[in-house]
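These notes are about the structure you will find just below.
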Amino acid sequence: MKVFYWSNGSQALFFEQTGYIFLNNELSPQQQWQDFTHELCHVLLHSGDQMHLHPLFVEYQEYKAKNFALQAAIPTFMLDELFQIHKYRLSVWMIQEIFNVEENSKKKRLIQYIEKQKWIAQVV
């Protein structure tokens, strides 16, 4: 896999079995990191040119890539450690500072994490 910066939108491409990630060089470092994790999912887990795939399958791939990006940018095992240290004071601000992500992503990830914790508590 190789990473390049350019002035167009971020995307992943394949050429001769090699994955290439192109990141928009005009984005903030936080946006580039989030785009990188999103495109990394496509390189690692997806195949095919989305221009030739059924729209519902493209939608599925994008859903999976968005979820993967949240998990890769803010890993669960690290949130577990922070949660143990800070208990219920784990904040959206703290996540942004530690993981260098944008506000929208940190909120989504924290909500996702808390909902999973509630689900685990119900099962156990």
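Chain lettering (A, B, ...) mirrors the order of the structure tokens, residue numbering begins at 1 for each chain separately, and ligand numbering begins at 1 in order of display.
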Problem set entry | All strand (DSSP E or B) positions in chain A, as a VMD selection string | chain A and resid 2 to 6 11 to 15 18 to 24
Selection from above, C-alpha atoms, as a PDB file, in the first residue's frame, can you write it?
ATOM      1  CA  LYS A   2       1.197   3.499  -0.808  1.00  0.00           C
ATOM      2  CA  VAL A   3      -0.130   6.889   0.292  1.00  0.00           C
ATOM      3  CA  PHE A   4      -0.084  10.042  -1.828  1.00  0.00           C
ATOM      4  CA  TYR A   5      -1.312  13.581  -1.273  1.00  0.00           C
ATOM      5  CA  TRP A   6      -3.134  15.546  -3.949  1.00  0.00           C
ATOM      6  CA  GLN A  11      -9.940   7.917  -2.297  1.00  0.00           C
ATOM      7  CA  ALA A  12      -8.480   4.436  -2.532  1.00  0.00           C
ATOM      8  CA  LEU A  13      -7.485   2.833  -5.815  1.00  0.00           C
ATOM      9  CA  PHE A  14      -5.992  -0.485  -6.848  1.00  0.00           C
ATOM     10  CA  PHE A  15      -3.466  -1.037  -9.602  1.00  0.00           C
ATOM     11  CA  THR A  18      -1.399  -2.806  -4.968  1.00  0.00           C
ATOM     12  CA  GLY A  19      -3.613  -0.473  -2.962  1.00  0.00           C
ATOM     13  CA  TYR A  20      -3.058   3.257  -3.189  1.00  0.00           C
ATOM     14  CA  ILE A  21      -4.563   5.844  -0.875  1.00  0.00           C
ATOM     15  CA  PHE A  22      -4.849   9.388  -2.148  1.00  0.00           C
ATOM     16  CA  LEU A  23      -5.496  12.016   0.524  1.00  0.00           C
ATOM     17  CA  ASN A  24      -6.618  15.561  -0.116  1.00  0.00           C
TER      18      ASN A  24
END
Exercise. Counting only C-alpha atoms, what is within 6 Å of region 28-36 of chain A, bar same-chain residues fewer than 3 positions away, as a PyMOL selection string?
Worked result: chain A and resi 39-40+100-102
Hey, can you spit out that residue selection with N, CA, C and O atoms as a PDB file, in the first residue's frame?
ATOM      1  N   GLU A  39     -10.277   5.182   4.018  1.00  0.00           N
ATOM      2  CA  GLU A  39      -9.746   4.592   2.786  1.00  0.00           C
ATOM      3  C   GLU A  39      -8.962   3.317   3.071  1.00  0.00           C
ATOM      4  O   GLU A  39      -8.941   2.393   2.256  1.00  0.00           O
ATOM      5  N   LEU A  40      -8.327   3.236   4.239  1.00  0.00           N
ATOM      6  CA  LEU A  40      -7.608   2.026   4.622  1.00  0.00           C
ATOM      7  C   LEU A  40      -8.547   0.828   4.654  1.00  0.00           C
ATOM      8  O   LEU A  40      -8.184  -0.272   4.243  1.00  0.00           O
ATOM      9  N   ASN A 100      -6.900  13.123  18.231  1.00  0.00           N
ATOM     10  CA  ASN A 100      -6.736  14.085  17.142  1.00  0.00           C
ATOM     11  C   ASN A 100      -7.760  13.882  16.021  1.00  0.00           C
ATOM     12  O   ASN A 100      -7.416  13.752  14.850  1.00  0.00           O
ATOM     13  N   VAL A 101      -9.026  13.810  16.416  1.00  0.00           N
ATOM     14  CA  VAL A 101     -10.113  13.677  15.443  1.00  0.00           C
ATOM     15  C   VAL A 101     -11.038  14.881  15.553  1.00  0.00           C
ATOM     16  O   VAL A 101     -11.007  15.616  16.531  1.00  0.00           O
ATOM     17  N   GLU A 102     -11.865  15.048  14.546  1.00  0.00           N
ATOM     18  CA  GLU A 102     -12.816  16.155  14.543  1.00  0.00           C
ATOM     19  C   GLU A 102     -13.955  15.900  15.533  1.00  0.00           C
ATOM     20  O   GLU A 102     -14.215  14.771  15.939  1.00  0.00           O
TER      21      GLU A 102
END
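Interatomic distance, CA of Asn8 (chain A) against CA of Glu26 (chain A): 8.6 Å.
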For this session: Might you pull out every residue within 9 Å of Ala65 (chain A), with only C-alpha atoms counted and same-chain residues fewer than 4 positions away left off, and present them as an MDAnalysis selection string?
Result: chainID A and resid 37:42 45 60:61 69:70
For this session: Measure the distance from CA of Val43 (chain A) to CA of Met1 (chain A) in Å and round it to one decimal.
Result: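 Taking CA of Val43 (chain A) as the start and CA of Met1 (chain A) as the end point, the length is 7.9 Å.
Counting only C-alpha atoms, the residue from A:Ile111, A:Val58, A:Ile98, A:Leu27 that sits nearest to Ala73 (chain A) is A:Ile98.
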